[in-house]
Amino acid sequence: MPDPVQRSITWLAEQAVAGGELLGVALTSGVGVGLAIGDGRRIAVATGDPAAIVAAIDAAIGPRWVWWHRETADPLAVAGVGVQRCWDVLTVHRLLHGGWRASVPGAWARLHDLPLDSLPAMGQLGLLDVHPDEGADPDDPVRPDGHLRPEWTSGGWAASPDRLAAWAELAVVAARRQAEQMLTSGSDPQRVRSTAHAESAAELLCAELTVHGLPIDVPEAERIIADAVGPRPPDEAAADVARRARDDAVLAHAPIGARIDLRNPNDVRAMLRRVGVDVPDTRAWRLEHHRDAHPLVGALLTWRKAERIATTYGYRWLTEHVRDGRLRGEWSSSDGAAGRMTASSGLHNLPAELRPAVAAESGHVFVRADLGQIEPRVLAAVSGDPALVAATTADDLYQGVATRLGVARDVAKVAVLGAMYGATTGTSAQALRGLEREYPMAMGLLESAAATGRAGGDVVTIGGRRVRMWTDETVDDTGRGDIDRARRVAAARGRFARNALIQGAAAELFKVWAVTVRARATHLDARIVLCLHDELIVHVDESAGPRVADILVEALGEAAHRWSPERDVRFVADVSVIRRWSDVA
DNA sequence: ATCGTAGGCGCC
DNA sequence: AAAGGGCGCCTACGAT
């Protein structure tokens, strides 16, 4: 190991002992790595592989690494540096303030109460304006007016080792201010800090998921696709012929003489009307009721399924998103709403028919686990409703609720889910009154969230995530009056807020679980390859499968302990060791 | 031509 | 039983 690296490790070890709990890092592969404690002491390392340096320091002193954003996590994931403790400033910013968009200059401005309208514009926009930093030192990342210098934030931070070190130091300053803000946020600061740690680790996990991908048995995927839409067409013309053949199978049932585009919902609706099926839209669940009315309906529904494979999960999808036997997509740790993870390339909406193609590599297994009845258990935890907390001790929570309400299990389940989604009509309405009677704390919490949402207010999850209420003007106006429209917008906001409280909290618990699994299973060379809201898939050598299965269960207990405000809520996971995703018991 | 929106559907 | 919350991705279509 080169001398400067050894020196920096020694230096950092001393600082860590002296009380520097946070360690800033900024790195680029071309330039090196910048490190900082955050009280003015920096170190710039120009030689050596940045990721190797980080790995060596991580092993030596195990600090909580602080970085600005994903651009630092990505190269660490590529290099396989399994950093455990981190603080991602932009991820924490999204946690505290909500929304999906977040930028380094914006987060900095917010932290320092700087007016957002004086945010420095990118590019050349400012050339003709009076420069707020006229004559100032361009090597200082902060302008005299307090904003970050755009030349730095747009990439100049990586220009030299010294700048990397200054940038790392600034990240620590930002993280410290974020921690201070938590003290006055209105939520429990300990709890929010804990969420910040988990969310930051989840963002790093997302960088790793993006790099690793999901193992795919490509020949099996091709077989499934061929079953649905035929063999891979050699050219565009052949693809066109195949598509026409699929269309004709449906149109054979249609009234003759009609020129119908099956991909045009208006055409389809008109066609259905001509065979006596009158529907407001042509969604599958609606057409299901009319299956017996005419053979056209069944043919259309079958066509739609094949069309889904052909267009979204067909040969093009395979060649574009599967490389080296892995389905690769972009992962992000929190969406713009309640904070669930998102993934592209179909990773989060792979049709069940394709799941046999998701297969462990040879000599490996998947260890798969999903959380059972996660939403009502989360509702019990965040509301502290004693009756609902008691219901979580059962494997089947809904059965207990049904017994208490004196209704059928299905009715109870629909009612509980409906209460969390905002459904208020139908047969669940009567059971809803039963819920309000038997679980007043839980239902009261949901109703107060809905009221906040209806009034246009933000809701805050138990972990401290702010979910910003939308101010959408584009809700469809069918020509009725403004009052009616305002009422519909308010109702939609109420449903959104009601759900966000639960969906957001469930996402928090899930991420704590996932990053705990990641931490506890790295020594087995196990890799999380899929996160699906309440389901985890870990890829590992077959010899370690049973051990990882145990870890998934233990990690859930640990995660619940760290996350749940309510000691007595029981969370359950269904775990299995499998070769293919479709092998689930 | 390029963009945003809506209908539709996959998953949770 | 009813059709509610989130996301990504496809197509067609109208506005720019």
# chains A, B, ... in the order shown; residues from 1 in each chain; ligands from 1
>>> select_by_dssp(residues="region 116-243 of chain A", states="helix (DSSP H, G or I)", output="PyMOL selection string")
chain A and resi 116-118+125-128+150-153+156-158+161-183+189-212+218-229+236-243
>>> residues_around(residues="region 4-9 of chain B", least_positions_apart="6", cutoff="8 Å", atoms="only C-alpha atoms (C1' of nucleotides)", output="short mmCIF file (atom, residue, chain, number, x, y, z; two decimals) with N, CA and C atoms, in the first residue's frame")
data_model
loop_
_atom_site.label_atom_id
_atom_site.label_comp_id
_atom_site.auth_asym_id
_atom_site.auth_seq_id
_atom_site.Cartn_x
_atom_site.Cartn_y
_atom_site.Cartn_z
N PRO A 265 -58.03 2.29 -27.30
CA PRO A 265 -59.13 1.99 -26.38
C PRO A 265 -60.50 2.44 -26.90
N ARG A 283 -60.96 -1.74 -19.09
CA ARG A 283 -60.01 -2.36 -18.18
C ARG A 283 -60.37 -3.83 -17.94
N ARG A 308 -48.86 -7.68 -23.72
CA ARG A 308 -48.01 -7.17 -22.65
C ARG A 308 -46.60 -7.78 -22.75
#
>>> closest_atom_pairs(of="chain C", to="chain A", cutoff="8 Å", atoms="only C-alpha atoms (C1' of nucleotides)", output="Markdown table")
| residue | atom | partner | partner_atom | distance |
| --- | --- | --- | --- | --- |
| C:DA1 | C1' | A:Thr427 | CA | 6.8 |
| C:DA2 | C1' | A:Gly426 | CA | 6.6 |
| C:DG4 | C1' | A:Ala423 | CA | 4.9 |
| C:DG5 | C1' | A:Tyr421 | CA | 5.4 |
| C:DG6 | C1' | A:Ala337 | CA | 7.6 |
| C:DC7 | C1' | A:Thr342 | CA | 6.6 |
| C:DG8 | C1' | A:Ser344 | CA | 6.2 |
| C:DC9 | C1' | A:Thr312 | CA | 6.8 |
| C:DC10 | C1' | A:Thr312 | CA | 6.3 |
| C:DT11 | C1' | A:Arg263 | CA | 6.5 |
| C:DA12 | C1' | A:Asn264 | CA | 6.3 |
>>> write_last_selection(atoms="N, CA, C and O atoms (P, O5', C5', C4', C3', O3' and C1' of nucleotides)", output="PDB file, in the first residue's frame")
ATOM      1  P    DA C   1     -68.042 -11.990  -3.427  1.00  0.00           P
ATOM      2  O5'  DA C   1     -67.821 -10.498  -2.897  1.00  0.00           O
ATOM      3  C5'  DA C   1     -68.736  -9.884  -2.037  1.00  0.00           C
ATOM      4  C4'  DA C   1     -68.495  -8.400  -2.031  1.00  0.00           C
ATOM      5  C3'  DA C   1     -68.826  -7.700  -3.354  1.00  0.00           C
ATOM      6  O3'  DA C   1     -69.320  -6.405  -3.053  1.00  0.00           O
ATOM      7  C1'  DA C   1     -66.503  -7.503  -2.922  1.00  0.00           C
ATOM      8  P    DA C   2     -69.796  -5.426  -4.256  1.00  0.00           P
ATOM      9  O5'  DA C   2     -68.522  -4.461  -4.359  1.00  0.00           O
ATOM     10  C5'  DA C   2     -68.158  -3.696  -3.230  1.00  0.00           C
ATOM     11  C4'  DA C   2     -66.965  -2.826  -3.529  1.00  0.00           C
ATOM     12  C3'  DA C   2     -67.118  -1.957  -4.788  1.00  0.00           C
ATOM     13  O3'  DA C   2     -66.619  -0.677  -4.474  1.00  0.00           O
ATOM     14  C1'  DA C   2     -65.200  -3.312  -4.999  1.00  0.00           C
ATOM     15  P    DG C   4     -61.607   3.514  -7.644  1.00  0.00           P
ATOM     16  O5'  DG C   4     -60.594   3.890  -6.485  1.00  0.00           O
ATOM     17  C5'  DG C   4     -61.047   4.594  -5.344  1.00  0.00           C
ATOM     18  C4'  DG C   4     -60.049   4.413  -4.219  1.00  0.00           C
ATOM     19  C3'  DG C   4     -58.597   4.524  -4.673  1.00  0.00           C
ATOM     20  O3'  DG C   4     -58.111   5.823  -4.292  1.00  0.00           O
ATOM     21  C1'  DG C   4     -58.919   2.633  -3.245  1.00  0.00           C
ATOM     22  P    DG C   5     -56.919   6.368  -5.113  1.00  0.00           P
ATOM     23  O5'  DG C   5     -55.661   5.865  -4.257  1.00  0.00           O
ATOM     24  C5'  DG C   5     -55.214   6.635  -3.152  1.00  0.00           C
ATOM     25  C4'  DG C   5     -53.874   6.116  -2.698  1.00  0.00           C
ATOM     26  C3'  DG C   5     -52.807   6.082  -3.781  1.00  0.00           C
ATOM     27  O3'  DG C   5     -52.181   7.350  -3.915  1.00  0.00           O
ATOM     28  C1'  DG C   5     -52.800   4.044  -2.617  1.00  0.00           C
ATOM     29  P    DG C   6     -51.347   7.704  -5.246  1.00  0.00           P
ATOM     30  O5'  DG C   6     -50.091   6.721  -5.186  1.00  0.00           O
ATOM     31  C5'  DG C   6     -49.107   6.895  -4.181  1.00  0.00           C
ATOM     32  C4'  DG C   6     -48.030   5.846  -4.337  1.00  0.00           C
ATOM     33  C3'  DG C   6     -47.369   5.823  -5.710  1.00  0.00           C
ATOM     34  O3'  DG C   6     -46.324   6.790  -5.772  1.00  0.00           O
ATOM     35  C1'  DG C   6     -47.861   3.611  -5.005  1.00  0.00           C
ATOM     36  P    DC C   7     -45.939   7.449  -7.171  1.00  0.00           P
ATOM     37  O5'  DC C   7     -45.133   6.287  -7.910  1.00  0.00           O
ATOM     38  C5'  DC C   7     -43.854   5.890  -7.420  1.00  0.00           C
ATOM     39  C4'  DC C   7     -43.452   4.578  -8.055  1.00  0.00           C
ATOM     40  C3'  DC C   7     -43.206   4.641  -9.556  1.00  0.00           C
ATOM     41  O3'  DC C   7     -41.839   4.942  -9.793  1.00  0.00           O
ATOM     42  C1'  DC C   7     -44.520   2.731  -9.002  1.00  0.00           C
ATOM     43  P    DG C   8     -41.355   5.445 -11.240  1.00  0.00           P
ATOM     44  O5'  DG C   8     -41.452   4.128 -12.152  1.00  0.00           O
ATOM     45  C5'  DG C   8     -40.587   3.024 -11.900  1.00  0.00           C
ATOM     46  C4'  DG C   8     -40.715   2.023 -13.018  1.00  0.00           C
ATOM     47  C3'  DG C   8     -40.405   2.577 -14.401  1.00  0.00           C
ATOM     48  O3'  DG C   8     -39.719   1.571 -15.136  1.00  0.00           O
ATOM     49  C1'  DG C   8     -42.644   1.820 -14.362  1.00  0.00           C
ATOM     50  P    DC C   9     -39.077   1.937 -16.546  1.00  0.00           P
ATOM     51  O5'  DC C   9     -40.201   1.517 -17.606  1.00  0.00           O
ATOM     52  C5'  DC C   9     -40.542   0.141 -17.727  1.00  0.00           C
ATOM     53  C4'  DC C   9     -41.650   0.007 -18.737  1.00  0.00           C
ATOM     54  C3'  DC C   9     -41.459   0.849 -20.002  1.00  0.00           C
ATOM     55  O3'  DC C   9     -41.565  -0.006 -21.115  1.00  0.00           O
ATOM     56  C1'  DC C   9     -43.632   1.121 -19.141  1.00  0.00           C
ATOM     57  P    DC C  10     -41.159   0.535 -22.568  1.00  0.00           P
ATOM     58  O5'  DC C  10     -42.534   0.428 -23.380  1.00  0.00           O
ATOM     59  C5'  DC C  10     -43.069  -0.865 -23.666  1.00  0.00           C
ATOM     60  C4'  DC C  10     -44.526  -0.733 -23.978  1.00  0.00           C
ATOM     61  C3'  DC C  10     -44.848   0.230 -25.103  1.00  0.00           C
ATOM     62  O3'  DC C  10     -44.841  -0.467 -26.336  1.00  0.00           O
ATOM     63  C1'  DC C  10     -46.385   0.462 -23.284  1.00  0.00           C
ATOM     64  P    DT C  11     -44.894   0.409 -27.679  1.00  0.00           P
ATOM     65  O5'  DT C  11     -46.400   0.913 -27.777  1.00  0.00           O
ATOM     66  C5'  DT C  11     -47.464  -0.019 -27.974  1.00  0.00           C
ATOM     67  C4'  DT C  11     -48.765   0.753 -28.016  1.00  0.00           C
ATOM     68  C3'  DT C  11     -48.813   1.781 -29.148  1.00  0.00           C
ATOM     69  O3'  DT C  11     -49.814   1.422 -30.071  1.00  0.00           O
ATOM     70  C1'  DT C  11     -49.425   2.768 -27.036  1.00  0.00           C
ATOM     71  P    DA C  12     -50.003   2.334 -31.409  1.00  0.00           P
ATOM     72  O5'  DA C  12     -50.994   3.475 -30.918  1.00  0.00           O
ATOM     73  C5'  DA C  12     -52.267   3.123 -30.413  1.00  0.00           C
ATOM     74  C4'  DA C  12     -53.036   4.363 -30.024  1.00  0.00           C
ATOM     75  C3'  DA C  12     -53.142   5.410 -31.135  1.00  0.00           C
ATOM     76  O3'  DA C  12     -54.477   5.906 -31.161  1.00  0.00           O
ATOM     77  C1'  DA C  12     -52.165   6.389 -29.220  1.00  0.00           C
TER      78       DA C  12
END
